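S.K.: Pasting a structure below so you can have a look.
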Amino acid sequence: MSLLALRDVTRTVIPQDQPALTILNGVDLVIEPGDHVSIVGRSGSGKSTLLNMLGLLDTPTSGEITFDDRPVKQYSAAQRDRLRGAAIGFVFQQFNLLPGRTALENVTMPLLYSTGRTFWRRKKMAADMLALVGLEHRLNSMPDRLSGGEQQRVAIARSLVRGPRLILADEPTGALDLDTGQSVMELIDEVAERTGAAQVIITHDPTIARRARRHFRLDRGVLTAVDDPTLEPLTRRDRREAAAPDEQPADALVALGLADTERGDA
Ligand SMILES: Nc1ncnc2c1ncn2[C@@H]1O[C@H](COP(=O)(O)OP(=O)(O)OP(=O)(O)O)[C@@H](O)[C@H]1O
Ligand SMILES: [Mg+2]
């Protein structure tokens, strides 16, 4: 039984007054429970588009996506949102923390719509999660008082507080220095191992990619398995773009359940 499977998934968009553009082309990818997959690819190759597919934020133009072997298109939009909230944790390059809220409040947020025991225990669960990411002494800190690495840890705690079965990360270390990036990746590994969650990591960085058990490369929308991502050629343009964070996609806010939440200036 697979956790999530993409079968011959294609995504085409038709920009205004322009010919159709195929962003994903015949993508096959099966994620097993507890899997650890990395995907590298140059800027514009379709990585974020693929992540949106894996996160049930977008639907294919053709092909099929199944979650727990059930076709996702059988779910209503509301069921898909519920499934995403309960089963998938997103980690993005930008941390998207709510600025006027403490670390604890930020991590408590995904639990606000839960019911029963989880709702009543939400603060304890959030505090435990922050302790797990090594921030037990920062519960009441505002995001602007935290370093980039600490903010990413809060964001990770928030993504994982509901115990997702799948962790999807899009350039999780893109805004961090090398060492902080490594320790953030170790942290995600540790949580995934402890909870049995599967991970899909999208990255420009071949050394981050290499940490995964299975490696893929996306090239102009075509996904292929590779043996060793550190041997894959990266152009100078890739490196420059890796260093420059791109704009936060609007979908990120939906993924994080923040789309309807008030946001101050980051
Ligand atoms: N809705 C859309 N309409 C038109 N073009 C789109 C749309 N969404 C994505 N694209 C184009 O599809 C290509 C792939 O985009 P995507 O964001 O998936 O790339 P990426 O691999 O994540 O790039 P990066 O590494 O810069 O984040 C890009 O050329 C992008 O401009
Ligand atoms: Mg992207």
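Just so we're on the same page: first chain in the structure tokens is A, next is B, and so on; residues restart at 1 for each chain, and ligands are numbered from 1 in the order they show up.
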What residues have any atom no more than 8 Å from ligand 2 when counting only C-alpha atoms and all ligand atoms, and can you list them as a list in words?
M.R.: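 Within the 8 Å cut-off, the matching residues are Ser43, Gly44, Gly46, Lys47, Ser48, Thr49, Asp170, Glu171 and Asp246 of chain A.
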S.K.: Pull N, CA and C atoms from the residues just selected and write them as a compact mmCIF listing (two decimals), in the first residue's frame.
M.R.:
# COMPACT_ATOMS: atom_id res chain seq x y z
N SER A 43 15.90 26.08 -11.54
CA SER A 43 14.80 27.02 -11.38
C SER A 43 13.88 26.94 -12.59
N GLY A 44 12.58 26.85 -12.33
CA GLY A 44 11.62 26.80 -13.42
C GLY A 44 11.35 25.40 -13.96
N GLY A 46 9.77 23.06 -12.50
CA GLY A 46 8.46 22.57 -12.10
C GLY A 46 8.40 22.02 -10.69
N LYS A 47 9.43 22.28 -9.89
CA LYS A 47 9.51 21.69 -8.55
C LYS A 47 8.34 22.11 -7.65
N SER A 48 8.09 23.42 -7.60
CA SER A 48 7.01 23.87 -6.71
C SER A 48 5.65 23.40 -7.23
N THR A 49 5.52 23.35 -8.53
CA THR A 49 4.28 22.83 -9.13
C THR A 49 4.08 21.38 -8.71
N ASP A 170 9.85 22.51 0.62
CA ASP A 170 10.28 23.19 -0.61
C ASP A 170 11.39 24.17 -0.25
N GLU A 171 12.63 23.83 -0.59
CA GLU A 171 13.80 24.65 -0.26
C GLU A 171 13.83 25.02 1.23
N ASP A 246 12.97 33.07 -3.89
CA ASP A 246 11.95 33.61 -4.78
C ASP A 246 10.73 34.01 -3.96
S.K.: Residues within 9 Å of ligand 1 (only C-alpha atoms and all ligand atoms), as a PyMOL selection string?
M.R.: chain A and resi 12-16+20-24+40-52+170-171+202-204+218-221+238+241-242+245-247+249
S.K.: Generate the output file for the selected residues, C-alpha atoms, as a JSON list (two decimals), in the first residue's frame.
M.R.:
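Writing the result to again30.json gives the following:
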[["chain", "number", "residue", "atom", "x", "y", "z"],
["A", 12, "THR", "CA", -0.55, 22.26, -18.37],
["A", 13, "VAL", "CA", -1.36, 25.95, -18.10],
["A", 14, "ILE", "CA", -2.52, 28.27, -20.85],
["A", 15, "PRO", "CA", -1.15, 31.74, -20.12],
["A", 16, "GLN", "CA", -3.08, 34.63, -21.65],
["A", 20, "ALA", "CA", -0.13, 26.07, -23.70],
["A", 21, "LEU", "CA", 2.77, 25.42, -21.37],
["A", 22, "THR", "CA", 3.41, 21.92, -20.00],
["A", 23, "ILE", "CA", 4.92, 22.35, -16.53],
["A", 24, "LEU", "CA", 4.79, 18.68, -15.45],
["A", 40, "VAL", "CA", 16.47, 18.50, -7.37],
["A", 41, "GLY", "CA", 16.02, 20.57, -10.47],
["A", 42, "ARG", "CA", 16.92, 23.95, -11.84],
["A", 43, "SER", "CA", 14.80, 27.02, -11.38],
["A", 44, "GLY", "CA", 11.62, 26.80, -13.42],
["A", 45, "SER", "CA", 11.81, 23.02, -13.86],
["A", 46, "GLY", "CA", 8.46, 22.57, -12.10],
["A", 47, "LYS", "CA", 9.51, 21.69, -8.55],
["A", 48, "SER", "CA", 7.01, 23.87, -6.71],
["A", 49, "THR", "CA", 4.28, 22.83, -9.13],
["A", 50, "LEU", "CA", 5.09, 19.20, -8.29],
["A", 51, "LEU", "CA", 5.08, 19.96, -4.57],
["A", 52, "ASN", "CA", 1.63, 21.51, -4.94],
["A", 170, "ASP", "CA", 10.28, 23.19, -0.61],
["A", 171, "GLU", "CA", 13.80, 24.65, -0.26],
["A", 202, "ILE", "CA", 12.81, 19.71, -2.78],
["A", 203, "THR", "CA", 16.13, 21.49, -2.90],
["A", 204, "HIS", "CA", 18.76, 23.17, -5.06],
["A", 218, "LEU", "CA", 13.16, 17.22, -12.37],
["A", 219, "ASP", "CA", 14.10, 18.57, -15.76],
["A", 220, "ARG", "CA", 11.56, 20.67, -17.69],
["A", 221, "GLY", "CA", 8.71, 18.86, -15.99],
["A", 238, "ASP", "CA", 21.14, 27.43, -10.48],
["A", 241, "GLU", "CA", 18.94, 31.38, -7.98],
["A", 242, "ALA", "CA", 19.41, 29.05, -5.04],
["A", 245, "PRO", "CA", 14.81, 33.33, -2.33],
["A", 246, "ASP", "CA", 11.95, 33.61, -4.78],
["A", 247, "GLU", "CA", 8.59, 35.06, -3.97],
["A", 249, "PRO", "CA", 3.71, 31.35, -3.59]]
S.K.: Can you tell me, as a PyMOL selection string, what residues are no more than 12 Å from A:Leu29 when counting only C-alpha atoms, ignoring any on the same chain fewer than 4 positions away?
M.R.: chain A and resi 2-9+35+37-39+50-51+53-54+63-66+200+214-218+222-225
S.K.: Suppose we keep C-alpha atoms; can you now write the selection as a tab-separated table (two decimals), in the first residue's frame?
M.R.:
chain	number	residue	atom	x	y	z
A	2	SER	CA	1.33	3.42	-0.92
A	3	LEU	CA	0.85	6.63	1.00
A	4	LEU	CA	0.76	8.91	-2.02
A	5	ALA	CA	1.11	8.08	-5.69
A	6	LEU	CA	1.28	10.17	-8.83
A	7	ARG	CA	0.63	8.25	-12.02
A	8	ASP	CA	1.42	9.84	-15.38
A	9	VAL	CA	0.66	13.27	-13.97
A	35	ASP	CA	9.83	7.09	2.66
A	37	VAL	CA	12.77	11.25	-1.19
A	38	SER	CA	14.67	14.23	-2.58
A	39	ILE	CA	13.98	16.12	-5.78
A	50	LEU	CA	5.09	19.20	-8.29
A	51	LEU	CA	5.08	19.96	-4.57
A	53	MET	CA	0.46	18.26	-6.55
A	54	LEU	CA	1.96	16.17	-3.74
A	63	GLY	CA	-3.10	11.46	-14.82
A	64	GLU	CA	-4.06	10.38	-11.33
A	65	ILE	CA	-3.12	11.07	-7.72
A	66	THR	CA	-4.01	8.60	-4.98
A	200	VAL	CA	9.79	14.68	0.26
A	214	ARG	CA	15.79	7.93	-2.97
A	215	HIS	CA	16.80	10.73	-5.30
A	216	PHE	CA	15.07	12.30	-8.28
A	217	ARG	CA	15.78	15.07	-10.71
A	218	LEU	CA	13.16	17.22	-12.37
A	222	VAL	CA	10.11	15.36	-16.49
A	223	LEU	CA	10.99	13.43	-13.32
A	224	THR	CA	13.78	10.84	-13.39
A	225	ALA	CA	15.49	8.81	-10.69
S.K.: For A:Arg158, which of A:Pro71, A:Gly89, A:Pro33, A:Gly55 is the closest residue, counting only C-alpha atoms?
M.R.: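 Of the candidates, the smallest distance to A:Arg158 is held by A:Gly89.
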S.K.: Go through A:Leu168, A:Leu176, A:Leu253, A:Leu231 and flag the residue nearest A:His36, using only C-alpha atoms for the distances.
M.R.: A:Leu168
S.K.: Please identify which residues in stretch 39-163 of chain A DSSP calls helix (DSSP H, G or I) from the backbone, and express them as a ChimeraX atom specification.
M.R.: /A:47-54,72-74,77-87,103-111,116-120,122-132,136-138,143-145,148-160
S.K.: So that I can check the surroundings of A:Arg165, please list as a PyMOL selection string every protein, DNA and RNA residue that reaches within 12 Å of it, counting only C-alpha atoms and ignoring chain neighbours fewer than 4 positions away.
M.R.: chain A and resi 2-4+31-36+55+67-68+83-90+159-161+191-200
S.K.: How close does stretch 90-119 of chain A get to stretch 127-131 of chain A? List, as JSON lines, each residue of stretch 90-119 of chain A within 10 Å, its nearest atom pair and the distance in Å to one decimal, counting only C-alpha atoms.
M.R.:
{"residue": "A:Ala103", "atom": "CA", "partner": "A:Leu130", "partner_atom": "CA", "distance": 8.1}
{"residue": "A:Leu104", "atom": "CA", "partner": "A:Ala127", "partner_atom": "CA", "distance": 6.4}
{"residue": "A:Glu105", "atom": "CA", "partner": "A:Ala127", "partner_atom": "CA", "distance": 9.5}
{"residue": "A:Val107", "atom": "CA", "partner": "A:Leu130", "partner_atom": "CA", "distance": 7.8}
{"residue": "A:Thr108", "atom": "CA", "partner": "A:Ala127", "partner_atom": "CA", "distance": 8.3}
S.K.: Run DSSP on the backbone and give me the residues of stretch 35-237 of chain A it puts in strand (DSSP E), as JSON, numbers by chain.
M.R.: {"A": [36, 37, 38, 39, 40, 62, 63, 64, 65, 66, 67, 70, 71, 88, 89, 90, 91, 92, 166, 167, 168, 169, 170, 198, 199, 200, 201, 202, 214, 215, 216, 217, 218, 219, 222, 223, 224, 225, 226]}
S.K.: For atom CA of A:Gly116 and atom CA of A:Arg162, quote the distance in Å rounded to one decimal.
M.R.: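 Separation of atom CA of A:Gly116 and atom CA of A:Arg162: 13.9 Å.
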S.K.: Using only C-alpha atoms, which of A:Arg11, A:Lys124, A:Arg101, A:Arg82 sits nearest A:Glu136?
M.R.: A:Lys124
S.K.: Would you mind telling me which residue in A:Val91, A:Gly148, A:Gln182, A:Asn140 lies nearest to A:Pro164 when using only C-alpha atoms?
M.R.: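 With only C-alpha atoms as the atom set, the closest residue is A:Val91.
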S.K.: Point out the residue among A:Val154, A:Leu111, A:Val133, A:Ala78 with the least atom-to-atom distance to A:Leu98, counting only C-alpha atoms.
M.R.: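 Ranking A:Val154, A:Leu111, A:Val133, A:Ala78 by distance to A:Leu98, first place goes to A:Val154.
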S.K.: Could you work out how far atom CA of A:Pro206 lies from atom CA of A:Leu57, giving the answer in Å with one decimal?
M.R.: 26.2 Å
S.K.: Tell me which of A:Leu97, A:Leu139, A:Val30, A:Ile188 sits closest to A:Ala169, counting only C-alpha atoms.
M.R.: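 Of the candidates, the smallest distance to A:Ala169 is held by A:Ile188.
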S.K.: I'd like the interatomic distance between atom CA of A:Gln93 and atom CA of A:Pro172, to a tenth of an Å.
M.R.: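 Separation between atom CA of A:Gln93 and atom CA of A:Pro172: 4.7 Å.
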